[in-house]
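Peer 1: Dumping the structure here so I can ask a few things about it.
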Amino acid sequence: MGNPLRQLAGETAIYGLSTILARIINFLFVPVYTRMLTTESYGVVTEFMAYIAVLQVVLVLGLETGCFRFANRQGVNPVKVYSDALAAVFGVSGVFLALMIAFAEPISSWLGYDGYGSCIMYVGGILAMDSVTAILFAKLRQEHKALKFAVFKTVKIITETVANILLFFPFASMCARRAAEAGVQVDALSSGDVWLLHFVSPTPDFSYVIFAIFVSCIVCTLLFLPSLLKFSFEFDGKLLKEMLVYSLPLMVAALPGIVNDFLDRILFRFFDTGAEAWRSSLGIYQAAVKLSVIMSLFIQMFRFAAEPFFFQRAEDKGSKALYAKVMEYFTAFCGLAFLGVMLYMDVISLILGKDFREGVGIVPIMLISYMILGMLFNVSMWYKLSGKTSMAIYITLSGLVVTAVVNIVFMPMFSYWASAAAHLSSYTVMFIISAVLGQKYYPIPYRWGRLAFVFVAMLAVYAVSVVIDKAFFGDLVIGTSPAGRVVAELAVHTVLIGVYLAAAAVIVKAPAKTSKSLSAGRPQ
């Protein structure tokens with residue numbers, strides 16, 4: 001069991017290099033976004049990102065996971081698998097891009113962003129290129145080329161970063177200088193004054209962020225061109241049909257799942273408490289969610305390595321016991337991530353601009369929500385490994401219903417607090433349903449008692465930190481209280497994290513009662 005776990009951990013770390021870099025850079029840009037953009041403009045960015053996330057699931061057609069399954073089948077040529085997947089995704093995304101270009105202005109007007117038709121075209125380009133490269137990245141994962149995967153992702157991230165820096169700082173300054181020289185308002189500048197104004201606004205707004213992503217997608221696509229030119233395309237219509245029969249249910253299942261994750265961002269337009277200021281509420285909410293980046297970061301890292309890992313060991317003896325052990329380590333690490341954010345929140349919250357800090361109260365709710373989401377990924381492997389992918393549709397639809405109901409009923413009263421509660425409720429419902437069905441159709445010997453103890457240890461340490469803070473540090477405000485009190489508080493919190501680590505190690509490494517109970521699939 002040790003070697004597979006070490007391989008999984010190693011690949012998770014390599015995939016995580018690029019993923020960590022992306023999230024860290026994105027996180028480091030939060031102070032820029034929350035200081036140079038208004039809450040309304042940041043809310044628009046959030047809305048566009050929600051549309052991109054949902055539509056990308058449709059355009060990839062579920063073929064990422066389908067490629068893993070069919071490329072590992074005996075007697076199936078992996079070249080044909082990826083050839084078929086690329087042909088299908090390229091065709092669908094090409095048609096989508098053409099429609100986005102043709103109807104850019106009507107779509108932007110319908111959304112209330114007149115004059116920003118170019119952003120609609122950028123979104124179309126982002127989706128088309130990301131969908132095609134998603135299959136190419138899946139191929140790298142299948143071949144265990146984690147380092148190449150990380151390098152390409154890193155180049156994409158650096159490109160987006162450089163584009164953002166150039167737009168928000170040198171370009172914005174140049175526009176201000178040109179306007180001052182001409183004696184006009186910055187907004188009065190035209191593309192004749194500055195060439196780049198063909199693509200973005202003269203003052204910082206949401207178009208900067210979207211255009212930077214578009215540029216990075218172009219660079220990422222170009223990175224794959226040498227590999228594509230060497231690729232021996234072998235198409236198999238019969239194989240493609242089998243792949244789509246397997247993959248499309250995953251797409252349909254993933255669609256409610258991704259809609260579930262981003263539905264709240266879309267519903268702000270219709271149900272937020274401040275009808276005229278819904279973009280502002282959405283911007284504040286998204287800024288607070290960004291403080292939960294560590295948890296979602298680890299889940300994404302883990303998913304990249306774990307999905308092919310689970311498939312490739314499905315037929316191994318003792319694989320189910322291995323999956324159960326993976327869950328325990330995963331949950332323990334998520335607990336560490338939760339405490340790492342919450343016990344240093346006084347410092348971390350300063351990352352946000354003042355206008356955005358009112359939403360930090362939802363951070364612990366979002367952290368626990370993402371933790372349960374990661375556990376859901378683990379327990380949901382049963383329908384992928386057993387081929388019962390259609391079951392995923394019912395699981396995710398149940399979660400979507402919960403999300404929709406909680407947001408629609410409570411968002412008019414509680415704004416983004418309802419959104420945070422909806423995430424927690426939805427992920428919990430899906431986790432319970434998936435775990436119950438998994439034990440029926442593909443039993444894995446999860447030791448629920450141990451997982452519960454990890455949660456108890458995490459929440460107990462957090463509760464102790466709150467009690468200590470109130471008893472000994474009072475209402476500590478960074479910048480107004482003596483530095484010694486700040487250091488003392490952080491030191492105490494660091495010790496508490498050490499206590500959690502010790503408790504988690506004892507829980508996870510405790511020996512099983514009997515090997516028989518493990519093989520039988522009964523939780524201890």
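Following the order of the structure tokens, chains are lettered A, B, ..., residues in each are numbered from 1, and ligands are numbered from 1.
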Just the residues within 9 Å of Arg23 (chain A), please, counting only C-alpha atoms, with nothing from its chain fewer than 5 positions along; format it as a ChimeraX atom specification.

Peer 2: /A:18,28,293-294,297

Peer 1: Applying 8 Å and only C-alpha atoms, which residues near Met366 (chain A) remain after dropping the ones on its own chain fewer than 3 positions away? List them as a ChimeraX atom specification.

Peer 2: /A:289,292,362-363,369-370,420,423-424

Peer 1: Generate a file of the selected residues that holds C-alpha atoms, formatted as a JSON list (two decimals), in the first residue's frame.

Peer 2:
```json
[["chain", "number", "residue", "atom", "x", "y", "z"],
["A", 289, "VAL", "CA", -14.64, 32.96, -1.22],
["A", 292, "SER", "CA", -10.97, 29.76, 1.02],
["A", 362, "ILE", "CA", -18.66, 33.29, 5.48],
["A", 363, "VAL", "CA", -15.11, 31.93, 5.15],
["A", 369, "SER", "CA", -18.15, 23.17, 2.28],
["A", 370, "TYR", "CA", -15.05, 22.60, 0.14],
["A", 420, "ALA", "CA", -22.53, 30.05, 1.62],
["A", 423, "HIS", "CA", -22.99, 25.29, -0.68],
["A", 424, "LEU", "CA", -22.68, 23.57, 2.67]]
```

Peer 1: Using only C-alpha atoms, tabulate the residues of region 175-275 of chain A lying at most 12 Å from any atom of region 111-115 of chain A, each with its closest atom pair and that distance in Å to one decimal, by chain and increasing residue number, as a tab-separated table.

Peer 2:
```
residue	atom	partner	partner_atom	distance
A:His198	CA	A:Gly115	CA	11.8
A:Phe199	CA	A:Gly115	CA	11.4
A:Val200	CA	A:Gly115	CA	10.8
A:Ser201	CA	A:Gly115	CA	10.1
A:Phe206	CA	A:Tyr113	CA	10.8
A:Ser207	CA	A:Tyr113	CA	10.8
A:Ile266	CA	A:Leu111	CA	11.3
A:Arg269	CA	A:Leu111	CA	9.8
```

Peer 1: Save the residues we just selected, N, CA, C and O atoms, as a compact mmCIF listing (two decimals), in the first residue's frame?

Peer 2:
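Resulting contents of selection02.txt:
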```
# COMPACT_ATOMS: atom_id res chain seq x y z
N HIS A 198 -8.47 48.80 -28.86
CA HIS A 198 -9.31 47.95 -29.71
C HIS A 198 -9.85 46.76 -28.89
O HIS A 198 -10.87 46.18 -29.26
N PHE A 199 -9.15 46.43 -27.81
CA PHE A 199 -9.45 45.18 -27.08
C PHE A 199 -9.97 45.40 -25.66
O PHE A 199 -10.74 44.56 -25.15
N VAL A 200 -9.55 46.46 -25.00
CA VAL A 200 -9.95 46.69 -23.60
C VAL A 200 -10.31 48.15 -23.38
O VAL A 200 -10.11 48.99 -24.26
N SER A 201 -10.81 48.44 -22.19
CA SER A 201 -11.21 49.80 -21.83
C SER A 201 -10.00 50.64 -21.42
O SER A 201 -8.97 50.10 -21.01
N PHE A 206 -13.57 45.08 -15.70
CA PHE A 206 -13.59 43.62 -15.85
C PHE A 206 -13.01 43.14 -17.17
O PHE A 206 -12.56 42.00 -17.27
N SER A 207 -12.97 43.99 -18.19
CA SER A 207 -12.43 43.57 -19.48
C SER A 207 -10.94 43.24 -19.39
O SER A 207 -10.44 42.40 -20.14
N ILE A 266 -24.90 33.26 -10.48
CA ILE A 266 -25.87 33.64 -11.51
C ILE A 266 -27.15 34.18 -10.88
O ILE A 266 -27.76 35.13 -11.40
N ARG A 269 -28.09 38.11 -9.74
CA ARG A 269 -28.73 39.05 -10.67
C ARG A 269 -30.24 39.14 -10.40
O ARG A 269 -30.86 40.19 -10.63
```

Peer 1: Quick one: residues within 10 Å of Ile432 (chain A), only C-alpha atoms, excluding same-chain residues fewer than 6 positions away - as an mmCIF file with all heavy atoms, in the first residue's frame?

Peer 2:
```cif
data_model
loop_
_atom_site.group_PDB
_atom_site.id
_atom_site.type_symbol
_atom_site.label_atom_id
_atom_site.label_comp_id
_atom_site.auth_asym_id
_atom_site.auth_seq_id
_atom_site.Cartn_x
_atom_site.Cartn_y
_atom_site.Cartn_z
ATOM 1 N N LEU A 376 -16.638 14.194 -1.073
ATOM 2 C CA LEU A 376 -17.617 13.723 -2.052
ATOM 3 C C LEU A 376 -16.922 13.165 -3.292
ATOM 4 O O LEU A 376 -17.345 12.143 -3.838
ATOM 5 C CB LEU A 376 -18.550 14.873 -2.441
ATOM 6 C CG LEU A 376 -19.518 14.616 -3.600
ATOM 7 C CD1 LEU A 376 -20.478 13.490 -3.257
ATOM 8 C CD2 LEU A 376 -20.283 15.892 -3.958
ATOM 9 N N VAL A 379 -15.829 9.566 -2.394
ATOM 10 C CA VAL A 379 -16.887 8.559 -2.305
ATOM 11 C C VAL A 379 -17.640 8.396 -3.628
ATOM 12 O O VAL A 379 -18.335 7.400 -3.820
ATOM 13 C CB VAL A 379 -17.893 8.870 -1.172
ATOM 14 C CG1 VAL A 379 -17.201 8.893 0.173
ATOM 15 C CG2 VAL A 379 -18.620 10.191 -1.416
ATOM 16 N N ILE A 395 -27.578 12.032 -8.189
ATOM 17 C CA ILE A 395 -26.871 12.568 -7.025
ATOM 18 C C ILE A 395 -26.670 14.065 -7.171
ATOM 19 O O ILE A 395 -26.976 14.857 -6.264
ATOM 20 C CB ILE A 395 -25.521 11.853 -6.837
ATOM 21 C CG1 ILE A 395 -25.748 10.372 -6.548
ATOM 22 C CG2 ILE A 395 -24.713 12.505 -5.711
ATOM 23 C CD1 ILE A 395 -24.475 9.539 -6.563
ATOM 24 N N GLY A 438 -22.914 4.122 -2.714
ATOM 25 C CA GLY A 438 -21.623 3.480 -2.941
ATOM 26 C C GLY A 438 -21.462 2.214 -2.128
ATOM 27 O O GLY A 438 -20.941 1.206 -2.612
#
```

Peer 1: When distances are computed from only C-alpha atoms, which of A:Thr203, A:Thr396, A:Ser319, A:Thr161 shows the smallest separation from Ile444 (chain A)?

Peer 2: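 Result for the nearest residue to Ile444 (chain A): A:Ser319.
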
Peer 1: Counting only C-alpha atoms, what is within 10 Å of Phe137 (chain A), bar same-chain residues fewer than 3 positions away, as a ChimeraX atom specification?

Peer 2: /A:64,130,132-134,140-143,145-146,148-150,152-153,224

Peer 1: Using DSSP on the backbone, list every residue of region 166-375 of chain A that comes out as alpha helix (DSSP H), and give them as JSON, numbers by chain.

Peer 2: {"A": [166, 172, 173, 174, 175, 176, 177, 178, 179, 180, 181, 182, 206, 207, 208, 209, 210, 211, 212, 213, 214, 215, 216, 217, 218, 219, 220, 221, 222, 223, 224, 225, 226, 227, 228, 229, 230, 237, 238, 239, 240, 241, 242, 243, 244, 245, 246, 247, 248, 249, 250, 251, 252, 253, 254, 255, 256, 257, 258, 259, 260, 261, 262, 263, 264, 265, 266, 267, 268, 269, 270, 271, 278, 279, 280, 281, 282, 283, 284, 285, 286, 287, 288, 289, 290, 293, 294, 295, 296, 297, 298, 299, 300, 301, 302, 303, 304, 305, 306, 307, 308, 309, 310, 311, 312, 319, 320, 321, 322, 323, 324, 325, 326, 327, 328, 329, 330, 331, 332, 333, 334, 335, 336, 337, 338, 339, 340, 341, 342, 345, 346, 347, 348, 363, 364, 365, 366, 367, 368, 369, 370, 371, 372, 373, 374, 375]}

Peer 1: Identify, on the basis of only C-alpha atoms, every residue whose closest approach to Ile351 (chain A) does not exceed 9 Å; exclude the query and any residue fewer than 6 positions from it along the same chain; express the result as a PyMOL selection string.

Peer 2: chain A and resi 27-28+30-31+34+291+357

Peer 1: Calculate how many Å separate CA of Ala254 (chain A) from CA of Val209 (chain A), rounding to one decimal.

Peer 2: 26.2 Å

Peer 1: Excluding Arg177 (chain A) and residues on its chain fewer than 5 positions from it, collect all residues at most 9 Å away from it, counting only C-alpha atoms, and give them as a ChimeraX atom specification.

Peer 2: /A:172,182,186

Peer 1: Keeping only N, CA, C and O atoms, write those residues as a short mmCIF file (atom, residue, chain, number, x, y, z; two decimals), in the first residue's frame.

Peer 2:
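Just written: again-v2.cif:
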```
data_model
loop_
_atom_site.label_atom_id
_atom_site.label_comp_id
_atom_site.auth_asym_id
_atom_site.auth_seq_id
_atom_site.Cartn_x
_atom_site.Cartn_y
_atom_site.Cartn_z
N ALA A 172 -2.74 51.17 -17.89
CA ALA A 172 -3.67 52.12 -17.27
C ALA A 172 -2.99 53.47 -17.04
O ALA A 172 -3.59 54.53 -17.24
N ALA A 182 -3.86 65.25 -23.66
CA ALA A 182 -4.87 65.70 -24.63
C ALA A 182 -5.93 66.59 -23.99
O ALA A 182 -6.76 67.18 -24.69
N VAL A 186 -10.22 60.22 -19.37
CA VAL A 186 -9.62 58.95 -19.81
C VAL A 186 -10.60 58.16 -20.68
O VAL A 186 -10.22 57.56 -21.69
#
```
